[in-house]
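S.K.: I'm passing along upload15.pdb; it holds PDB, C-alpha atoms and all ligand atoms.
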ATOM      1  CA  MET Z   1     -13.247  31.573  -1.804
ATOM      2  CA  ARG Z   2     -13.792  33.120  -5.207
ATOM      3  CA  LEU Z   3     -10.372  33.883  -6.681
ATOM      4  CA  ARG Z   4     -11.194  37.338  -7.962
ATOM      5  CA  ASP Z   5     -10.376  40.843  -6.700
ATOM      6  CA  LEU Z   6      -8.211  39.465  -3.910
ATOM      7  CA  ASN Z   7      -4.925  40.696  -2.465
ATOM      8  CA  ILE Z   8      -2.723  37.623  -2.675
ATOM      9  CA  VAL Z   9       0.784  37.395  -1.233
ATOM     10  CA  ILE Z  10       2.900  34.589  -2.681
ATOM     11  CA  THR Z  11       6.473  33.589  -1.894
ATOM     12  CA  GLY Z  12       8.630  31.980  -4.564
ATOM     13  CA  GLY Z  13       6.501  33.359  -7.395
ATOM     14  CA  THR Z  14       9.469  33.570  -9.755
ATOM     15  CA  SER Z  15       9.997  29.875 -10.476
ATOM     16  CA  GLY Z  16       8.295  26.492 -10.871
ATOM     17  CA  ILE Z  17       4.881  26.069  -9.278
ATOM     18  CA  GLY Z  18       4.806  29.591  -7.799
ATOM     19  CA  ARG Z  19       5.441  31.117 -11.203
ATOM     20  CA  GLU Z  20       2.576  29.089 -12.691
ATOM     21  CA  ILE Z  21       0.293  30.222  -9.866
ATOM     22  CA  VAL Z  22       1.180  33.826 -10.704
ATOM     23  CA  ASP Z  23       0.416  33.208 -14.402
ATOM     24  CA  GLN Z  24      -2.970  31.706 -13.517
ATOM     25  CA  LEU Z  25      -4.049  34.352 -10.983
ATOM     26  CA  VAL Z  26      -2.746  37.532 -12.538
ATOM     27  CA  GLY Z  27      -5.329  39.808 -14.118
ATOM     28  CA  ASP Z  28      -8.159  38.904 -11.769
ATOM     29  CA  ASN Z  29      -6.328  39.688  -8.538
ATOM     30  CA  GLN Z  30      -3.719  41.983  -6.974
ATOM     31  CA  LEU Z  31      -0.649  39.799  -6.746
ATOM     32  CA  ILE Z  32       2.040  40.627  -4.225
ATOM     33  CA  VAL Z  33       5.036  38.524  -5.194
ATOM     34  CA  MET Z  34       7.966  37.976  -2.848
ATOM     35  CA  GLY Z  35      11.209  36.743  -4.376
ATOM     36  CA  ARG Z  36      14.900  36.736  -3.624
ATOM     37  CA  SER Z  37      16.101  37.705  -7.094
ATOM     38  CA  VAL Z  38      15.828  41.367  -8.130
ATOM     39  CA  LEU Z  39      16.317  40.361 -11.769
ATOM     40  CA  LYS Z  40      13.630  37.658 -11.787
ATOM     41  CA  LEU Z  41      11.179  39.976 -10.044
ATOM     42  CA  ALA Z  42      11.938  42.733 -12.571
ATOM     43  CA  ASP Z  43      11.282  40.297 -15.457
ATOM     44  CA  LEU Z  44       7.975  39.279 -13.891
ATOM     45  CA  LYS Z  45       6.991  42.915 -13.337
ATOM     46  CA  HIS Z  46       7.882  43.682 -16.950
ATOM     47  CA  LEU Z  47       5.530  40.917 -18.093
ATOM     48  CA  TYR Z  48       2.779  41.786 -15.617
ATOM     49  CA  PRO Z  49       3.064  45.504 -14.746
ATOM     50  CA  GLY Z  50       0.059  45.273 -12.388
ATOM     51  CA  ILE Z  51       1.762  43.014  -9.865
ATOM     52  CA  ARG Z  52       3.612  44.286  -6.802
ATOM     53  CA  THR Z  53       7.011  42.788  -6.108
ATOM     54  CA  TYR Z  54       9.043  42.636  -2.918
ATOM     55  CA  VAL Z  55      12.624  41.476  -2.751
ATOM     56  CA  CYS Z  56      13.092  39.186   0.228
ATOM     57  CA  ASP Z  57      15.623  36.522   1.107
ATOM     58  CA  LEU Z  58      13.633  34.088   3.232
ATOM     59  CA  SER Z  59      16.820  32.673   4.732
ATOM     60  CA  ASP Z  60      17.405  36.024   6.438
ATOM     61  CA  LEU Z  61      14.766  36.651   9.112
ATOM     62  CA  ALA Z  62      15.673  40.339   9.400
ATOM     63  CA  ASP Z  63      14.941  40.640   5.684
ATOM     64  CA  VAL Z  64      11.642  38.769   6.128
ATOM     65  CA  LYS Z  65      10.709  41.250   8.868
ATOM     66  CA  ARG Z  66      11.654  44.225   6.692
ATOM     67  CA  ALA Z  67       9.726  42.953   3.655
ATOM     68  CA  GLY Z  68       6.733  41.826   5.740
ATOM     69  CA  GLU Z  69       6.430  45.252   7.375
ATOM     70  CA  GLN Z  70       6.695  46.946   4.002
ATOM     71  CA  ILE Z  71       3.942  44.737   2.558
ATOM     72  CA  LEU Z  72       1.697  45.461   5.529
ATOM     73  CA  LYS Z  73       2.278  49.189   5.144
ATOM     74  CA  ASN Z  74       1.286  49.098   1.454
ATOM     75  CA  HIS Z  75      -1.497  46.505   1.659
ATOM     76  CA  THR Z  76      -3.563  46.817   4.802
ATOM     77  CA  GLN Z  77      -5.866  43.970   3.727
ATOM     78  CA  ILE Z  78      -4.438  40.599   2.685
ATOM     79  CA  ASP Z  79      -6.884  37.928   1.536
ATOM     80  CA  VAL Z  80      -4.491  35.056   0.837
ATOM     81  CA  LEU Z  81      -0.948  34.294   1.976
ATOM     82  CA  MET Z  82       0.589  31.484  -0.076
ATOM     83  CA  ASN Z  83       3.706  30.080   1.508
ATOM     84  CA  ASN Z  84       5.148  28.414  -1.555
ATOM     85  CA  ALA Z  85       8.913  29.036  -1.615
ATOM     86  CA  ALA Z  86      11.198  26.246  -0.432
ATOM     87  CA  VAL Z  87      14.576  24.676  -1.057
ATOM     88  CA  GLN Z  88      15.579  21.042  -1.032
ATOM     89  CA  TYR Z  89      19.094  19.676  -0.587
ATOM     90  CA  THR Z  90      19.435  16.014  -1.477
ATOM     91  CA  PRO Z  91      22.812  14.846  -0.053
ATOM     92  CA  ARG Z  92      22.585  12.345   2.809
ATOM     93  CA  PHE Z  93      24.289  13.020   6.129
ATOM     94  CA  LEU Z  94      26.919  10.350   5.301
ATOM     95  CA  ASP Z  95      27.702  11.765   1.836
ATOM     96  CA  ASP Z  96      30.962  13.626   1.179
ATOM     97  CA  ASP Z  97      29.062  16.573  -0.277
ATOM     98  CA  PHE Z  98      26.745  16.921   2.735
ATOM     99  CA  ARG Z  99      27.196  20.440   4.123
ATOM    100  CA  PHE Z 100      26.028  21.010   7.688
ATOM    101  CA  GLU Z 101      26.098  24.754   6.960
ATOM    102  CA  LYS Z 102      23.012  24.274   4.777
ATOM    103  CA  ILE Z 103      20.867  22.763   7.541
ATOM    104  CA  GLU Z 104      19.945  26.081   9.099
ATOM    105  CA  TYR Z 105      19.352  27.682   5.692
ATOM    106  CA  GLU Z 106      16.934  24.948   4.620
ATOM    107  CA  ILE Z 107      14.994  25.005   7.884
ATOM    108  CA  THR Z 108      14.806  28.801   7.872
ATOM    109  CA  VAL Z 109      13.489  29.061   4.283
ATOM    110  CA  ASN Z 110      11.109  26.096   4.529
ATOM    111  CA  PHE Z 111       9.788  26.631   8.025
ATOM    112  CA  THR Z 112      10.976  29.489  10.248
ATOM    113  CA  ALA Z 113      10.414  32.195   7.621
ATOM    114  CA  ILE Z 114       6.853  30.909   7.155
ATOM    115  CA  CYS Z 115       6.166  31.211  10.904
ATOM    116  CA  VAL Z 116       7.630  34.729  10.913
ATOM    117  CA  LEU Z 117       5.705  35.813   7.813
ATOM    118  CA  ILE Z 118       2.408  34.533   9.191
ATOM    119  CA  ALA Z 119       3.014  36.344  12.490
ATOM    120  CA  LEU Z 120       4.008  39.575  10.723
ATOM    121  CA  LEU Z 121       1.126  39.608   8.232
ATOM    122  CA  LEU Z 122      -1.581  38.690  10.762
ATOM    123  CA  PRO Z 123      -2.873  42.279  11.083
ATOM    124  CA  GLY Z 124      -3.491  42.319   7.308
ATOM    125  CA  LEU Z 125      -5.026  38.848   7.299
ATOM    126  CA  ARG Z 126      -7.184  39.733  10.296
ATOM    127  CA  HIS Z 127      -8.695  42.796   8.744
ATOM    128  CA  LYS Z 128     -12.078  43.350  10.342
ATOM    129  CA  GLY Z 129     -15.002  41.621   8.661
ATOM    130  CA  HIS Z 130     -13.227  39.696   5.931
ATOM    131  CA  ARG Z 131     -12.169  36.113   5.466
ATOM    132  CA  ALA Z 132      -8.553  35.265   4.817
ATOM    133  CA  ILE Z 133      -6.648  32.121   3.924
ATOM    134  CA  ILE Z 134      -3.122  30.964   4.667
ATOM    135  CA  LEU Z 135      -2.149  28.293   2.156
ATOM    136  CA  ASN Z 136       0.980  26.286   2.906
ATOM    137  CA  VAL Z 137       2.468  24.361  -0.010
ATOM    138  CA  SER Z 138       3.662  21.011   1.244
ATOM    139  CA  SER Z 139       4.683  17.514   0.209
ATOM    140  CA  VAL Z 140       3.793  13.913   1.020
ATOM    141  CA  LEU Z 141       7.336  13.801   2.392
ATOM    142  CA  GLY Z 142       6.047  15.837   5.321
ATOM    143  CA  MET Z 143       4.050  12.752   6.322
ATOM    144  CA  VAL Z 144       6.270   9.878   5.200
ATOM    145  CA  PRO Z 145       9.964  10.623   4.521
ATOM    146  CA  LYS Z 146      12.247   9.466   1.754
ATOM    147  CA  THR Z 147      15.878   8.569   2.418
ATOM    148  CA  ASN Z 148      17.456  11.612   0.811
ATOM    149  CA  SER Z 149      16.596  15.176   1.815
ATOM    150  CA  ALA Z 150      16.040  14.374   5.512
ATOM    151  CA  VAL Z 151      16.016  18.038   6.514
ATOM    152  CA  TYR Z 152      13.559  18.915   3.736
ATOM    153  CA  CYS Z 153      11.218  16.084   4.818
ATOM    154  CA  ALA Z 154      11.466  17.237   8.439
ATOM    155  CA  SER Z 155      10.761  20.862   7.479
ATOM    156  CA  LYS Z 156       7.613  19.810   5.605
ATOM    157  CA  GLY Z 157       6.611  17.646   8.588
ATOM    158  CA  ALA Z 158       6.998  20.697  10.812
ATOM    159  CA  LEU Z 159       4.898  22.729   8.362
ATOM    160  CA  ASN Z 160       2.153  20.108   8.539
ATOM    161  CA  ILE Z 161       2.021  20.284  12.340
ATOM    162  CA  LEU Z 162       2.229  24.081  12.288
ATOM    163  CA  SER Z 163      -0.727  24.218   9.876
ATOM    164  CA  GLN Z 164      -2.834  21.978  12.117
ATOM    165  CA  SER Z 165      -1.989  23.861  15.302
ATOM    166  CA  LEU Z 166      -2.681  27.250  13.711
ATOM    167  CA  ARG Z 167      -6.100  25.948  12.664
ATOM    168  CA  TYR Z 168      -6.877  25.567  16.374
ATOM    169  CA  GLN Z 169      -5.406  28.969  17.211
ATOM    170  CA  PHE Z 170      -7.441  30.738  14.514
ATOM    171  CA  GLU Z 171     -10.724  28.931  15.227
ATOM    172  CA  GLN Z 172     -12.341  32.084  16.609
ATOM    173  CA  THR Z 173     -11.100  34.234  13.722
ATOM    174  CA  ASP Z 174     -11.926  34.521  10.011
ATOM    175  CA  ILE Z 175      -8.552  33.031   9.055
ATOM    176  CA  ARG Z 176      -8.441  29.530   7.565
ATOM    177  CA  VAL Z 177      -5.246  27.510   7.229
ATOM    178  CA  LEU Z 178      -5.011  25.147   4.252
ATOM    179  CA  GLN Z 179      -2.347  22.797   2.981
ATOM    180  CA  ALA Z 180      -1.708  21.695  -0.583
ATOM    181  CA  VAL Z 181       0.149  18.384  -0.510
ATOM    182  CA  LEU Z 182       1.940  17.755  -3.787
ATOM    183  CA  PRO Z 183       3.372  14.694  -5.518
ATOM    184  CA  LEU Z 184       6.467  14.970  -7.731
ATOM    185  CA  VAL Z 185       6.270  18.027  -9.986
ATOM    186  CA  GLU Z 186       8.474  19.014 -12.932
ATOM    187  CA  THR Z 187      10.249  22.166 -11.695
ATOM    188  CA  PRO Z 188      13.823  23.380 -11.174
ATOM    189  CA  MET Z 189      13.650  21.778  -7.703
ATOM    190  CA  THR Z 190      13.354  18.289  -9.205
ATOM    191  CA  ALA Z 191      15.413  18.830 -12.364
ATOM    192  CA  GLY Z 192      17.210  15.665 -13.460
ATOM    193  CA  ARG Z 193      15.560  13.326 -10.971
ATOM    194  CA  GLY Z 194      12.388  11.330 -10.478
ATOM    195  CA  LYS Z 195       9.808   9.824 -12.814
ATOM    196  CA  GLY Z 196       6.086  10.360 -13.414
ATOM    197  CA  LYS Z 197       6.159  14.052 -12.609
ATOM    198  CA  ILE Z 198       3.113  16.220 -13.174
ATOM    199  CA  SER Z 199       3.631  19.599 -14.817
ATOM    200  CA  ALA Z 200       4.014  22.759 -12.760
ATOM    201  CA  ALA Z 201       0.977  24.196 -14.587
ATOM    202  CA  SER Z 202      -1.158  21.230 -13.563
ATOM    203  CA  ALA Z 203       0.117  21.391  -9.949
ATOM    204  CA  ALA Z 204      -0.707  25.112  -9.879
ATOM    205  CA  SER Z 205      -4.244  24.673 -11.198
ATOM    206  CA  SER Z 206      -4.899  21.851  -8.699
ATOM    207  CA  ILE Z 207      -3.609  24.037  -5.859
ATOM    208  CA  LEU Z 208      -5.888  26.878  -6.959
ATOM    209  CA  SER Z 209      -8.918  24.622  -7.282
ATOM    210  CA  GLY Z 210      -8.311  23.382  -3.686
ATOM    211  CA  LEU Z 211      -7.946  26.992  -2.553
ATOM    212  CA  GLU Z 212     -11.191  27.942  -4.240
ATOM    213  CA  LYS Z 213     -12.990  25.041  -2.515
ATOM    214  CA  GLU Z 214     -11.096  25.698   0.718
ATOM    215  CA  VAL Z 215      -9.967  22.074   1.072
ATOM    216  CA  SER Z 216      -8.118  21.858   4.409
ATOM    217  CA  ASP Z 217      -5.611  19.179   3.423
ATOM    218  CA  HIS Z 218      -5.581  18.981  -0.339
ATOM    219  CA  PHE Z 219      -3.713  15.889  -1.522
ATOM    220  CA  ILE Z 220      -2.999  16.258  -5.214
ATOM    221  CA  GLY Z 221      -2.493  13.509  -7.846
ATOM    222  CA  MET Z 222      -0.367  10.602  -6.586
ATOM    223  CA  ALA Z 223      -0.234  12.213  -3.145
ATOM    224  CA  LYS Z 224      -3.908  11.234  -2.773
ATOM    225  CA  TYR Z 225      -3.104   7.528  -3.340
ATOM    226  CA  LEU Z 226      -0.032   7.609  -1.126
ATOM    227  CA  ARG Z 227      -2.139   9.058   1.657
ATOM    228  CA  LEU Z 228      -4.687   6.265   1.217
ATOM    229  CA  ILE Z 229      -1.972   3.584   1.196
ATOM    230  CA  HIS Z 230      -0.427   5.159   4.298
ATOM    231  CA  TYR Z 231      -3.820   5.071   6.013
ATOM    232  CA  ILE Z 232      -4.539   1.429   5.106
ATOM    233  CA  PHE Z 233      -1.059  -0.085   5.317
ATOM    234  CA  PRO Z 234       1.643   2.293   6.612
ATOM    235  CA  PRO Z 235       4.621  -0.066   5.988
ATOM    236  CA  LEU Z 236       3.838  -0.120   2.256
ATOM    237  CA  ALA Z 237       3.729   3.686   2.079
ATOM    238  CA  ARG Z 238       7.060   3.834   3.916
ATOM    239  CA  LYS Z 239       8.545   1.301   1.490
ATOM    240  CA  ILE Z 240       7.324   3.217  -1.582
ATOM    241  CA  LEU Z 241       8.624   6.538  -0.330
ATOM    242  CA  LYS Z 242      11.890   5.331   1.181
ATOM    243  CA  GLY Z 243      13.638   5.035  -2.187
ATOM    244  CA  GLY Z 244      11.535   7.917  -3.082
ATOM    245  CA  SER Z 245      10.760  10.090  -5.951
ATOM    246  CA  PRO Z 246       8.043  12.399  -4.517
ATOM    247  CA  SER Z 247       9.572  15.762  -3.677
TER     248      SER Z 247
HETATM  249  N1  LIG B 301       8.603  20.135  -7.339
HETATM  250  C1  LIG B 301       8.101  19.154  -6.612
HETATM  251  O1  LIG B 301       8.148  17.956  -6.990
HETATM  252  C2  LIG B 301       7.410  19.446  -5.320
HETATM  253  C3  LIG B 301       6.760  18.379  -4.658
HETATM  254  C4  LIG B 301       6.143  18.625  -3.422
HETATM  255  C5  LIG B 301       6.145  19.904  -2.909
HETATM  256  N2  LIG B 301       6.783  20.931  -3.576
HETATM  257  C6  LIG B 301       6.771  22.241  -2.979
HETATM  258  O2  LIG B 301       6.286  23.197  -3.921
HETATM  259  C7  LIG B 301       6.823  24.481  -3.606
HETATM  260  C8  LIG B 301       7.406  25.112  -4.862
HETATM  261  O3  LIG B 301       8.508  24.332  -5.280
HETATM  262  P1  LIG B 301       8.994  24.248  -6.795
HETATM  263  O4  LIG B 301       9.073  22.818  -7.150
HETATM  264  O5  LIG B 301       8.194  25.176  -7.630
HETATM  265  O6  LIG B 301      10.506  24.748  -6.632
HETATM  266  P2  LIG B 301      11.377  25.836  -7.400
HETATM  267  O7  LIG B 301      11.018  25.895  -8.844
HETATM  268  O8  LIG B 301      12.775  25.524  -7.021
HETATM  269  O9  LIG B 301      10.906  27.196  -6.742
HETATM  270  C9  LIG B 301      11.199  27.492  -5.413
HETATM  271  C10 LIG B 301      10.956  28.972  -5.193
HETATM  272  O10 LIG B 301      11.421  29.307  -3.887
HETATM  273  C11 LIG B 301      12.226  30.463  -3.969
HETATM  274  N3  LIG B 301      13.261  30.517  -2.948
HETATM  275  C12 LIG B 301      14.194  29.576  -2.674
HETATM  276  N4  LIG B 301      15.022  30.026  -1.717
HETATM  277  C13 LIG B 301      14.590  31.258  -1.372
HETATM  278  C14 LIG B 301      15.045  32.236  -0.459
HETATM  279  N5  LIG B 301      16.122  32.053   0.297
HETATM  280  N6  LIG B 301      14.359  33.402  -0.381
HETATM  281  C15 LIG B 301      13.280  33.625  -1.166
HETATM  282  N7  LIG B 301      12.811  32.751  -2.063
HETATM  283  C16 LIG B 301      13.460  31.578  -2.168
HETATM  284  C17 LIG B 301      12.888  30.347  -5.340
HETATM  285  O11 LIG B 301      13.401  31.608  -5.731
HETATM  286  P3  LIG B 301      14.200  31.778  -7.127
HETATM  287  O12 LIG B 301      13.122  31.915  -8.166
HETATM  288  O13 LIG B 301      14.991  33.017  -6.930
HETATM  289  O14 LIG B 301      15.014  30.526  -7.319
HETATM  290  C18 LIG B 301      11.736  29.837  -6.180
HETATM  291  O15 LIG B 301      10.939  30.917  -6.631
HETATM  292  C19 LIG B 301       7.851  24.232  -2.497
HETATM  293  O16 LIG B 301       7.271  24.509  -1.249
HETATM  294  C20 LIG B 301       8.142  22.749  -2.611
HETATM  295  O17 LIG B 301       8.594  22.199  -1.403
HETATM  296  C21 LIG B 301       7.406  20.724  -4.762
END
Can you turn what I pasted into structure tokens?
M.R.:
Amino acid sequence: MRLRDLNIVITGGTSGIGREIVDQLVGDNQLIVMGRSVLKLADLKHLYPGIRTYVCDLSDLADVKRAGEQILKNHTQIDVLMNNAAVQYTPRFLDDDFRFEKIEYEITVNFTAICVLIALLLPGLRHKGHRAIILNVSSVLGMVPKTNSAVYCASKGALNILSQSLRYQFEQTDIRVLQAVLPLVETPMTAGRGKGKISAASAASSILSGLEKEVSDHFIGMAKYLRLIHYIFPPLARKILKGGSPS
């Protein structure tokens, strides 16, 4: 898909990888950026007046419904939906600072909101006679978990299965479902932890090159090697990721 003159919806476009994607796509496309922070969205709009912004807290499904319906009303054709926003909490279940109240929040932002958004925006994605892509931003931890962030790993695992199942469901349509599977990236999500991170700019350009080539499961950087190791010798991949830096 040529990344030009497209209507592109992106969640989490105000920080990290999403923000870099916005920087790299703006100008050539109509960007529709969903974010939870009014201030951050206003700053982005100030920098790029041509973008459209929608305030939406993905942890609140009623808000997702409201924002999704508003987007559909204003943009009847959507070419790309990039499900990029996510949160990651690192405490282990046995840790004193583990908060069970955050479980539902993390699952809702990382998984349920994505299901809801896809369902809501389908009429725009399924606009007669045009191809559309749903791109889910994922992690190697959705295939092989690390010890920390169990709920995050599980939410990315669920996203992986969702992506595969939706591919079957959309076989007779013009909608393609892609996944970008990232290694550890330098962003606010991974601040102060992990080694050997790639930059958010490099992660963003790799994601966009996979989108352009329509790679179904696009393993980026180290994620490519981890996938290979997991294929050849699963126990080694589990050992590498168990102590885990990939996010
Ligand atoms: N960084 C890594 O090493 C890494 C590795 C593998 C996969 N990934 C994936 O890459 C994607 C982007 O992550 P990142 O590293 O760029 O993280 P990030 O810098 O923390 O950005 C996450 C984005 O999600 C948004 N967000 C969080 N909670 C939200 C909510 N309740 N409602 C609406 N938006 C919300 C944030 O909004 P605010 O701007 O308001 O904070 C932010 O824009 C995620 O799917 C992540 O799982 C990252």
S.K.: With only C-alpha atoms as the atoms that count, which of Z:Thr11, Z:Asn74, Z:Asn148, Z:Ser206 lies nearest to Val55 (chain Z)?
M.R.: Z:Thr11
S.K.: Neighbouring residues of Arg19 (chain Z) were defined as those with any atom within 12 Å, considering all atoms listed in the file; residues of the same chain fewer than 2 positions away were excluded. Please report them as number ranges by chain.
M.R.: Z: 10-17, 21-26, 31, 33-35, 40-41, 43-44, 47-48, 84-85, 187-188, 200-201, 203-205
S.K.: Would you pick out the contacts of Thr90 (chain Z) at 9 Å or less, using all atoms listed in the file, so that residues sharing its chain but fewer than 4 positions from it are not included, and give the list as a PDB file with C-alpha atoms, in the frame of the given file?
M.R.:
ATOM      1  CA  PHE Z  98      26.745  16.921   2.735  1.00  0.00           C
ATOM      2  CA  ASN Z 148      17.456  11.612   0.811  1.00  0.00           C
ATOM      3  CA  SER Z 149      16.596  15.176   1.815  1.00  0.00           C
ATOM      4  CA  ALA Z 150      16.040  14.374   5.512  1.00  0.00           C
ATOM      5  CA  VAL Z 151      16.016  18.038   6.514  1.00  0.00           C
ATOM      6  CA  TYR Z 152      13.559  18.915   3.736  1.00  0.00           C
TER       7      TYR Z 152
END
S.K.: Would you mind reading off the distance between CA of Leu241 (chain Z) and CA of Lys146 (chain Z), one decimal, in Å?
M.R.: 5.1 Å
S.K.: How far is it from CA of Arg176 (chain Z) to CA of Cys56 (chain Z), in Å with one decimal?
M.R.: 24.7 Å
S.K.: Please provide the set of residues having any atom within 8 Å of region 158-166 of chain Z, restricted to all atoms listed in the file, with same-chain residues fewer than 3 positions apart removed, written as number ranges by chain.
M.R.: Z: 111, 136, 138, 142-143, 154-155, 169-170, 177-179
S.K.: Can you work out the spacing between atom C16 of ligand LIG 301 (chain B) and CA of Val87 (chain Z) in Å, to one decimal?
M.R.: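 Between atom C16 of ligand LIG 301 (chain B) and CA of Val87 (chain Z) the gap works out to 7.1 Å.
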S.K.: Give me the result of the PyMOL selection byres (((chain Z and resi 186) around 7) and not hetatm) on this file, residue by residue, as a list of chain:residue names.
M.R.: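 On this input, the PyMOL selection byres (((chain Z and resi 186) around 7) and not hetatm) captures Z:Leu184, Z:Val185, Z:Thr187, Z:Thr190, Z:Ala191, Z:Lys197, Z:Ile198, Z:Ser199, Z:Ala200.
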S.K.: Taking all atoms of ligand LIG 301 (chain B) that the file lists, what box with edges along x, y and z, padded by 3 Å per side, do you get, with centre and edge lengths in Å to one decimal, as lines of an AutoDock Vina configuration file?
M.R.:
center_x = 11.1
center_y = 25.8
center_z = -4.3
size_x = 16.0
size_y = 21.7
size_z = 15.1
S.K.: Would you kindly return, as a list in words, each protein, DNA or RNA residue with an atom no farther than 9 Å from any atom of Tyr105 (chain Z), considering all atoms listed in the file and excluding same-chain residues fewer than 6 positions away?
M.R.: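 The contact residues come out as Leu58, Ser59, Asp60 and Val87 of chain Z.
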S.K.: Mind writing the picked residues with C-alpha atoms as a PDB file, in the coordinates of the input?
M.R.:
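Listed below is the output, part-v6.pdb:
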ATOM      1  CA  LEU Z  58      13.633  34.088   3.232  1.00  0.00           C
ATOM      2  CA  SER Z  59      16.820  32.673   4.732  1.00  0.00           C
ATOM      3  CA  ASP Z  60      17.405  36.024   6.438  1.00  0.00           C
ATOM      4  CA  VAL Z  87      14.576  24.676  -1.057  1.00  0.00           C
TER       5      VAL Z  87
END
S.K.: Go through Z:Phe219, Z:Phe93, Z:Tyr225, Z:Tyr168 and flag the residue nearest ligand LIG 301 (chain B), using all atoms listed in the file for the distances.
M.R.: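 For ligand LIG 301 (chain B), the nearest of the candidates is Z:Phe219.
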S.K.: Between Z:Val137, Z:Met189, Z:Val144, Z:Ala62, which is the closest to Ala113 (chain Z) once you count all atoms listed in the file?
M.R.: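 Smallest separation from Ala113 (chain Z) among the options: Z:Ala62.
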S.K.: Excluding Thr112 (chain Z) and any residue of its chain fewer than 4 positions from it, enumerate the residues within 9 Å of it, using only C-alpha atoms, and give them as a count of residues only.
M.R.: 7
S.K.: Here's the selection I'm unsure about, the PyMOL selection byres (((chain Z and resi 121) around 8) and not hetatm); applied to the file above, which residues does it give, as a PyMOL selection string?
M.R.: chain Z and resi 68-69+72+78+117-120+122-125
S.K.: Considering all atoms listed in the file, can you say which of Z:Gln70, Z:Ser37, Z:Thr173, Z:Thr76 comes closest to ligand LIG 301 (chain B)?
M.R.: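 Closest to ligand LIG 301 (chain B) of all the choices is Z:Ser37.
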S.K.: Between Z:Leu228, Z:Ile32, Z:Ile103, Z:Ala67, which is the closest to Gly18 (chain Z) once you count all atoms listed in the file?
M.R.: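 Looking at the shortest contact to Gly18 (chain Z), the residue is Z:Ile32.
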